[in-house]
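Read through the structure below, which is laid out as C-alpha cells, and then see the notes.
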Amino acid sequence: MNPLLQLNDVNTHIHDFHILEGISIQVPREGVTVLLGRNGAGKTTTLRTILGFNPPSSGEIRFDEDLINGWAPFRIGSLGIGYVPEDRGIFSGLTVYENLKVAARDGVKEMDRRLEKVFELFPDLKRATKQQAGTLSGGQQQMLALARILVSKNRLLLIDEPSSGLAPIIVDRVAEAISELKKELPILLVEQNYNMAKQIGDNYYIIDQGRCVHEGQMQDLEDKPELKQRYLGVSV
Amino acid sequence: MFDTLFFHLLLNGLAHGMLIFLIASGLSLIFGLMRVVNFTHGSFFMFGAYVGRSIYLATDSFVLAILGGLLFGFVCGGLVERIAIRPFFGNRVQLLLLTLGMMLVMNELVKIIWGPTILRFPRPDYLIGSFMLGDIILPYYRMFIVGFGLVVLVIVYLFLNKTRLGITIRAGVENPEMVQSFGINIKQVFTFTFALGVSLASVGGVISGPFLSVYPEIAMDNILVAIIAVVVGGIGSFGGSVAGSLLIGLINSFGGFYLPQAAMAFNVVLMALVLLVRPQGLFGRGGVAGGR
Ligand SMILES: Nc1ncnc2c1ncn2[C@@H]1O[C@H](COP(=O)(O)OP(=O)(O)O)[C@@H](O)[C@H]1O
Ligand SMILES: [Mg+2]
C-alpha cells in the first residue's frame with residue numbers, strides 16, 4: 001500500500017536560511033513514525049513544512065492523493081491532519097471547552113459525540129471544561145492539546161515533543177494516551193525522549209542538519225548504539 | 001447642587017465613554033487579531049455620522065439611519081480589508097502608513113462631499129427632552145447613547161463568547177497559526193472582524209451625530225482617544241476596551257469640567273500611569289509591544 005504522507009526531496013528556507021536540505025520521508029497508514037535527532041536538527045521545521053506554515057521552496061509533499069505543497073495551512077488542516085506543536089499552542093484565555101470548540105472542524109455535534117471517548121482518555125479535562133486553559137498544569141495542557149485533535153475526524157496526527165517539560169509520571173500518562181491513539185490513527189511523532197520513542201514508535205527517521213541520515217524499524221535501533229550516541233545523545 | 005452636577009457629568013462621561021467604546025472595541029479586536037493599527041477607524045466613525053445624517057434627513061427614520069450606518073460600515077470595512085489591507089499583510093510598517101494615508105484621504109473626502117462646516121444632526125422627536133429625577137436632569141438622548149452602547153456591548157460579548165466564530169476570533173488573537181491548523185480560513189475571519197469593527201465605529205458615528213453634531217474633526221479627535229482607551233484597557237481584550245473607554249469618557253467629562261485645558265493631558269497621564277503599573281493594560285495579556 002502506498003504511504004499516507006510522503007515527502008520527496010523537500011527543501012525549506014526560513015528567511016534566507018536553508019533549514020531543510022532535501023528531506024525525504026514516508027509515513028505509512030498505520031503506526032507511529034518517529035522523527036529523531038538533536039536540538040536544531042530540523043524536526044519541528046519538517047512538521048511545519050508539512051502543515052504549510054513554512055512552505056517548502058522545492059520538493060514534493062503528497063498526502064494520500066493530493067500534492068499539498070504550496071497549499072494554505074487551513075486547507076492542509078482540513079484534509080484531516082491534526083497538529084500538536086512543541087509549545088502545545090493552547091488558547092490560554094479560552095476555557096477548555098472553547099479550546100475544543102475552535103478545533104471542532106466537523107461541527108459541535110460530532111465533537112460532543114467524540115468527547116465521551118476523549119474524556120475517558122483524559123478524565124482531568126472532563127472536570128475542567130469550564131476552566132481557563134491557561135490555568136491548567138503543563139500535563140493537563142498537553143492533554144488538552146491532544147484532545148483538540150481528537151474531536152474531529154483526523155487521518156494523521158503530527159505531535160511535536162509531547163514529553164518536553166513534563167514530570168516523569170506525567171510523561172508516562174502521555175505515552176499511554178499516545179499508545180491508545182496509535183491503535184486508531186497513524187502518527188508522525190517528534191520525540192527527544194528516547195525511552196518514550198522506543199516504547200511507542202514503529203519506524204524512525206533520524207534527522208541531522210536538515211537531512212535524513214538514517215531510517216529503519218524502531219526495534220532495530222536498539223542494536224545501533226553508535227547511532228544513538230552520535231545523533232540522539234543517548235549514552236551506552 | 002453637588003449631586004445634580006455630579007450626575008450630569010457622570011451621564012455625560014458614560015455617554016462619551018460608550019461612543020469611544022464603539023470605536024475602541026473594533027480597533028482593539030482588529031489589532032489583537034491582525035496586528036493592524038487601523039487609523040481609518042475614526043474616519044469611519046465620522047463617515048457614519050455623515051451617512052447617518054443624510055439617511056435620517058432623507059427618510060426621517062432614525063432607525064434606518066442606524067441600520068444604514070451599520071451596513072455602510074460593514075460593507076466598506078470588508079472592502080477595505082480585502083482590497084487595501086490584505087495585499088500588504090505581514091508588513092506592519094506598510095500597513096501603518098497605508099491606514100494613516102487612507103485616514104487623511106477620508107478626512108478630506110468628507111469635506112468635498114459635505115463641506116467643511118459643522119452640520120446639525122437633529123434628534124428624533126422621541127429622544128428630545130429630559131427625564132427629571134428630583135432636581136437631577138437626565139437628557140433622554142444621553143441615556144439613549146448609554147443604553148445603545150450597553151446593548152451593543154452585550155451583543156458583541158455574547159457573539160465573542162457563545163458562537164464558534166466569536167470564539168475563533170478570540171483564539172486567533174492568541175495564536176492564528178493554531179486556528180488555521182484546525183481547518184479555519186483565518187483570512188475570512190480577518191475580513192469579517194475588520195468589517196464588524198468598522199461597522200461598530202460607523203454606527204457609533206451615527207448615534208454621536210445628534211449629541212456632538214457632525215464635522216470633519218471628529219475623526220481625528222476620536223481616533224486618538226480610542227487608541228488611548230485600547231492601550232489602557234489592554235490590546236485585543238474586549239473587556240479591556242469597555243473599561244478603557246468608560247474610564248476615558250469619565251475622566252474627560254469630570255476633568256474637562258474642572259480643568260478644560262488639560263482634558264487631553266489627563267488621557268495621556270492615565271495611559272502613562274497604567275503602562276507604568278501594568279504594561280499589558282488593565283485587561284491585557286503579554287506586553288503592549290509583545291506577542292508576535
Ligand atoms: N524562524 C526561524 N528563523 C531562523 N532560523 C530558524 C527559525 N526556525 C528554526 N530555525 C532554525 O532551523 C533549525 C532547525 O530548527 P527546528 O526545526 O526547530 O529544530 P528541532 O525541532 O529539530 O530542534 C535550527 O537551526 C533553528 O535555529
Ligand atoms: Mg523542535
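Chain labels run A, B, ... following the order of the C-alpha cells; each chain numbers its residues from 1, and ligands are numbered from 1 in the order shown.
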
Compute the set of protein, DNA and RNA residues whose minimum atom distance to ligand 1 is at most 6 Å, using only C-alpha atoms and all ligand atoms, and state it as a PyMOL selection string.
chain A and resi 14+19+39-45

Skipping near chain neighbours, those fewer than 3 positions away, what residues fall within 12 Å of Phe72 (chain B) using only C-alpha atoms, listed as number ranges by chain?
B: 44-45, 47-52, 55, 64-69, 75-80, 195-203, 205-206

Write the residues of the preceding selection, restricted to N, CA and C atoms, as a CSV table (one decimal), in the first residue's frame.
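Wrote selection.csv, looks like this:
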```csv
chain,number,residue,atom,x,y,z
B,44,PHE,N,-14.1,56.3,9.8
B,44,PHE,CA,-15.4,55.6,9.6
B,44,PHE,C,-16.5,56.1,10.6
B,45,PHE,N,-16.0,56.4,11.8
B,45,PHE,CA,-16.9,57.0,12.8
B,45,PHE,C,-17.5,58.3,12.2
B,47,PHE,N,-17.6,59.2,9.0
B,47,PHE,CA,-18.4,59.0,7.8
B,47,PHE,C,-19.7,58.4,8.3
B,48,GLY,N,-19.8,57.6,9.3
B,48,GLY,CA,-21.0,57.1,9.8
B,48,GLY,C,-21.9,58.2,10.2
B,49,ALA,N,-21.4,59.2,10.9
B,49,ALA,CA,-22.2,60.4,11.3
B,49,ALA,C,-22.8,61.1,10.1
B,50,TYR,N,-21.9,61.3,9.0
B,50,TYR,CA,-22.5,62.0,7.8
B,50,TYR,C,-23.5,61.1,7.1
B,51,VAL,N,-23.2,59.9,6.9
B,51,VAL,CA,-24.1,59.0,6.2
B,51,VAL,C,-25.4,58.8,7.0
B,52,GLY,N,-25.3,58.6,8.3
B,52,GLY,CA,-26.5,58.5,9.1
B,52,GLY,C,-27.3,59.8,9.0
B,55,ILE,N,-29.1,59.9,5.7
B,55,ILE,CA,-30.2,58.9,5.6
B,55,ILE,C,-31.4,59.4,6.5
B,64,LEU,N,-33.6,53.7,10.5
B,64,LEU,CA,-33.0,53.4,9.2
B,64,LEU,C,-31.6,54.0,9.2
B,65,ALA,N,-31.4,55.2,9.8
B,65,ALA,CA,-30.1,55.8,9.9
B,65,ALA,C,-29.1,54.9,10.6
B,66,ILE,N,-29.5,54.3,11.7
B,66,ILE,CA,-28.7,53.4,12.4
B,66,ILE,C,-28.3,52.1,11.6
B,67,LEU,N,-29.4,51.6,11.0
B,67,LEU,CA,-29.1,50.3,10.2
B,67,LEU,C,-28.3,50.7,9.0
B,68,GLY,N,-28.5,51.8,8.4
B,68,GLY,CA,-27.7,52.3,7.3
B,68,GLY,C,-26.3,52.4,7.7
B,69,GLY,N,-26.0,53.0,8.9
B,69,GLY,CA,-24.7,53.2,9.4
B,69,GLY,C,-24.0,51.9,9.6
B,75,VAL,N,-19.9,47.0,5.0
B,75,VAL,CA,-19.5,46.8,3.6
B,75,VAL,C,-18.2,47.5,3.3
B,76,CYS,N,-18.1,48.7,3.7
B,76,CYS,CA,-16.8,49.5,3.5
B,76,CYS,C,-15.7,48.8,4.2
B,77,GLY,N,-15.9,48.3,5.5
B,77,GLY,CA,-14.8,47.7,6.2
B,77,GLY,C,-14.4,46.4,5.5
B,78,GLY,N,-15.3,45.6,5.0
B,78,GLY,CA,-15.0,44.4,4.3
B,78,GLY,C,-14.2,44.7,3.0
B,79,LEU,N,-14.6,45.7,2.3
B,79,LEU,CA,-13.9,46.1,1.1
B,79,LEU,C,-12.5,46.6,1.3
B,80,VAL,N,-12.4,47.5,2.3
B,80,VAL,CA,-11.1,48.0,2.7
B,80,VAL,C,-10.1,46.9,3.0
B,195,ALA,N,-14.6,44.1,9.1
B,195,ALA,CA,-15.9,44.6,8.7
B,195,ALA,C,-16.8,44.9,10.0
B,196,LEU,N,-16.8,43.9,10.9
B,196,LEU,CA,-17.5,44.1,12.2
B,196,LEU,C,-17.0,45.3,12.9
B,197,GLY,N,-15.7,45.4,13.1
B,197,GLY,CA,-15.2,46.5,13.8
B,197,GLY,C,-15.5,47.9,13.2
B,198,VAL,N,-15.4,48.0,11.9
B,198,VAL,CA,-15.7,49.2,11.2
B,198,VAL,C,-17.2,49.5,11.3
B,199,SER,N,-18.0,48.5,11.3
B,199,SER,CA,-19.5,48.8,11.4
B,199,SER,C,-19.8,49.3,12.8
B,200,LEU,N,-19.1,48.9,13.8
B,200,LEU,CA,-19.4,49.4,15.1
B,200,LEU,C,-19.0,50.9,15.2
B,201,ALA,N,-17.8,51.2,14.6
B,201,ALA,CA,-17.4,52.6,14.6
B,201,ALA,C,-18.4,53.5,13.8
B,202,SER,N,-18.8,52.9,12.7
B,202,SER,CA,-19.7,53.7,11.9
B,202,SER,C,-21.0,54.0,12.6
B,203,VAL,N,-21.6,53.0,13.2
B,203,VAL,CA,-22.9,53.2,13.9
B,203,VAL,C,-22.7,54.1,15.1
B,205,GLY,N,-20.7,56.6,15.0
B,205,GLY,CA,-20.8,57.9,14.4
B,205,GLY,C,-22.2,58.4,14.3
B,206,VAL,N,-23.1,57.5,13.8
B,206,VAL,CA,-24.5,57.8,13.6
B,206,VAL,C,-25.1,58.3,14.9
```

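Near chain A, counting only C-alpha atoms at 6 Å, the chain B residues are Thr168, Ala171, Gln180, Ser181, Phe182, Gly183, Ile184 and Asn185 of chain B.
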
Just the residues within 8 Å of Ile23 (chain A), please, counting only C-alpha atoms, with nothing from its chain fewer than 3 positions along; format it as an MDAnalysis selection string.
chainID A and resid 7:11 20 210:212

Based on the selection just made, write N, CA and C atoms of those residues as a compact mmCIF listing (two decimals), in the first residue's frame.
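Saved file out_31.txt follows:
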```
# COMPACT_ATOMS: atom_id res chain seq x y z
N LEU A 7 7.21 12.81 1.76
CA LEU A 7 8.00 13.99 1.43
C LEU A 7 9.12 13.54 0.51
N ASN A 8 9.22 14.20 -0.65
CA ASN A 8 10.27 13.85 -1.59
C ASN A 8 11.22 15.02 -1.79
N ASP A 9 12.45 14.85 -1.28
CA ASP A 9 13.49 15.84 -1.51
C ASP A 9 13.01 17.26 -1.19
N VAL A 10 12.48 17.43 0.00
CA VAL A 10 11.91 18.72 0.38
C VAL A 10 12.99 19.65 0.92
N ASN A 11 13.02 20.85 0.36
CA ASN A 11 13.91 21.90 0.84
C ASN A 11 13.06 23.03 1.41
N LEU A 20 15.80 22.94 5.78
CA LEU A 20 15.67 21.55 5.36
C LEU A 20 16.38 21.38 4.02
N GLY A 210 19.16 19.17 8.88
CA GLY A 210 18.23 19.34 7.77
C GLY A 210 18.20 18.20 6.78
N ARG A 211 18.85 17.07 7.12
CA ARG A 211 18.82 15.91 6.22
C ARG A 211 18.41 14.66 6.98
N CYS A 212 17.83 13.69 6.27
CA CYS A 212 17.59 12.39 6.88
C CYS A 212 18.87 11.59 6.78
```

Hey, what's within 12 Å of Leu232 (chain A) if we count only C-alpha atoms and toss same-chain stuff fewer than 6 positions away? As a PyMOL selection string, please?
chain A and resi 35-41+191-195+197+205-208+214+221+224-226

For Asn12 (chain B), find every residue with an atom within 9 Å (counting only C-alpha atoms), except residues of its own chain fewer than 5 positions away, and show them as a PyMOL selection string.
chain B and resi 7+17+142+249-250+253-254

Can I get the selected residues back with C-alpha atoms, as a tab-separated table (two decimals), in the first residue's frame?
```
chain	number	residue	atom	x	y	z
B	7	PHE	CA	-24.94	63.18	37.82
B	17	GLY	CA	-17.37	56.55	27.03
B	142	ARG	CA	-27.62	60.81	26.51
B	249	GLY	CA	-15.09	59.07	28.94
B	250	LEU	CA	-15.50	59.77	32.65
B	253	SER	CA	-16.19	64.59	31.46
B	254	PHE	CA	-15.06	65.37	35.01
```

12 Å contact set for Arg278 (chain B), only C-alpha atoms, chain neighbours under 4 positions out, as a VMD selection string:
chain B and resid 231 to 234 270 to 274 282 to 288

Any chance you could list, as a PyMOL selection string, the residues in region 11-222 of chain A that come up alpha helix (DSSP H) when DSSP is run on the backbone?
chain A and resi 43-51+73-78+96-103+108-121+123-127+138-148+168-181+194-200+218-221

List every residue of region 3-205 of chain A that DSSP, applied to the backbone of this structure, assigns to strand (DSSP E), and report them as a PyMOL selection string.
chain A and resi 5-14+17-27+32-36+58-63+66-67+81-84+156-160+187-190+203-205

Which residues come within 12 Å of Phe122 (chain A), counting only C-alpha atoms, excluding same-chain residues fewer than 5 positions away, as an NGL selection string?
:A and (115-117 or 127-129 or 139-148 or 150 or 170 or 173-174 or 176-178 or 180)

Just to be explicit: take each residue in the selection above, keep N, CA, C and O atoms, and write the result as a compact mmCIF listing (two decimals), in the first residue's frame.
```txt
# COMPACT_ATOMS: atom_id res chain seq x y z
N LEU A 115 -16.41 13.41 22.26
CA LEU A 115 -15.86 13.83 23.56
C LEU A 115 -15.93 12.73 24.61
O LEU A 115 -15.06 12.63 25.46
N GLU A 116 -16.98 11.91 24.53
CA GLU A 116 -17.12 10.85 25.51
C GLU A 116 -15.84 10.01 25.61
O GLU A 116 -15.30 9.79 26.69
N LYS A 117 -15.38 9.59 24.43
CA LYS A 117 -14.16 8.77 24.41
C LYS A 117 -12.93 9.57 24.82
O LYS A 117 -12.05 9.06 25.51
N ARG A 127 -13.37 17.27 34.08
CA ARG A 127 -13.67 18.05 35.28
C ARG A 127 -13.38 19.53 35.07
O ARG A 127 -13.80 20.35 35.86
N ALA A 128 -12.62 19.86 34.02
CA ALA A 128 -12.13 21.24 33.89
C ALA A 128 -12.70 21.96 32.68
O ALA A 128 -12.16 22.98 32.27
N THR A 129 -13.82 21.47 32.12
CA THR A 129 -14.26 22.05 30.84
C THR A 129 -14.50 23.56 30.91
O THR A 129 -14.29 24.24 29.93
N GLY A 139 0.89 19.26 32.24
CA GLY A 139 0.41 17.97 31.76
C GLY A 139 -1.02 18.06 31.23
O GLY A 139 -1.35 17.49 30.19
N GLN A 140 -1.85 18.80 31.96
CA GLN A 140 -3.24 18.96 31.51
C GLN A 140 -3.30 19.72 30.19
O GLN A 140 -4.13 19.43 29.33
N GLN A 141 -2.41 20.70 30.04
CA GLN A 141 -2.39 21.44 28.77
C GLN A 141 -2.02 20.52 27.62
O GLN A 141 -2.56 20.61 26.52
N GLN A 142 -1.07 19.60 27.88
CA GLN A 142 -0.69 18.65 26.83
C GLN A 142 -1.88 17.75 26.49
O GLN A 142 -2.12 17.44 25.32
N MET A 143 -2.63 17.37 27.49
CA MET A 143 -3.80 16.53 27.24
C MET A 143 -4.86 17.30 26.46
O MET A 143 -5.51 16.75 25.58
N LEU A 144 -5.02 18.59 26.79
CA LEU A 144 -5.97 19.40 26.04
C LEU A 144 -5.53 19.52 24.57
O LEU A 144 -6.35 19.41 23.65
N ALA A 145 -4.23 19.70 24.38
CA ALA A 145 -3.72 19.81 23.01
C ALA A 145 -4.00 18.53 22.23
O ALA A 145 -4.37 18.57 21.05
N LEU A 146 -3.85 17.39 22.91
CA LEU A 146 -4.17 16.11 22.25
C LEU A 146 -5.67 15.98 22.04
O LEU A 146 -6.13 15.55 20.97
N ALA A 147 -6.45 16.38 23.05
CA ALA A 147 -7.90 16.27 22.93
C ALA A 147 -8.41 17.07 21.74
O ALA A 147 -9.33 16.66 21.04
N ARG A 148 -7.80 18.23 21.51
CA ARG A 148 -8.27 19.10 20.42
C ARG A 148 -8.18 18.43 19.05
O ARG A 148 -8.99 18.70 18.17
N LEU A 150 -8.56 15.33 18.61
CA LEU A 150 -9.37 14.11 18.61
C LEU A 150 -10.86 14.40 18.48
O LEU A 150 -11.66 13.48 18.35
N ILE A 170 3.95 12.19 34.53
CA ILE A 170 3.02 12.72 33.52
C ILE A 170 3.43 12.22 32.14
O ILE A 170 2.59 11.90 31.29
N ARG A 173 1.89 9.02 31.45
CA ARG A 173 0.47 9.10 31.09
C ARG A 173 0.29 9.56 29.65
O ARG A 173 -0.58 9.05 28.93
N VAL A 174 1.11 10.52 29.24
CA VAL A 174 1.02 10.99 27.86
C VAL A 174 1.40 9.86 26.91
O VAL A 174 0.74 9.63 25.88
N GLU A 176 1.08 6.68 27.45
CA GLU A 176 -0.05 5.74 27.42
C GLU A 176 -1.14 6.23 26.48
O GLU A 176 -1.69 5.46 25.70
N ALA A 177 -1.44 7.52 26.59
CA ALA A 177 -2.51 8.08 25.75
C ALA A 177 -2.14 7.94 24.28
O ALA A 177 -2.97 7.53 23.45
N ILE A 178 -0.89 8.24 23.93
CA ILE A 178 -0.49 8.15 22.53
C ILE A 178 -0.51 6.69 22.06
O ILE A 178 -0.88 6.40 20.92
N GLU A 180 -2.64 4.55 23.02
CA GLU A 180 -4.05 4.31 22.73
C GLU A 180 -4.42 4.86 21.34
O GLU A 180 -5.06 4.19 20.54
```

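Taking only C-alpha atoms and all ligand atoms into account, ligand 2 lies nearest to A:Ser164 out of the set A:Ser164, A:Gln229, A:Gln217, A:Asn2.
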
Let me make sure I understand: among A:Gln219, A:Ser163, A:Thr12, A:Ser179, which one has the smallest atom-to-atom distance to ligand 2 if we use only C-alpha atoms and all ligand atoms?
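Of the candidates, the smallest distance to ligand 2 is held by A:Ser163.
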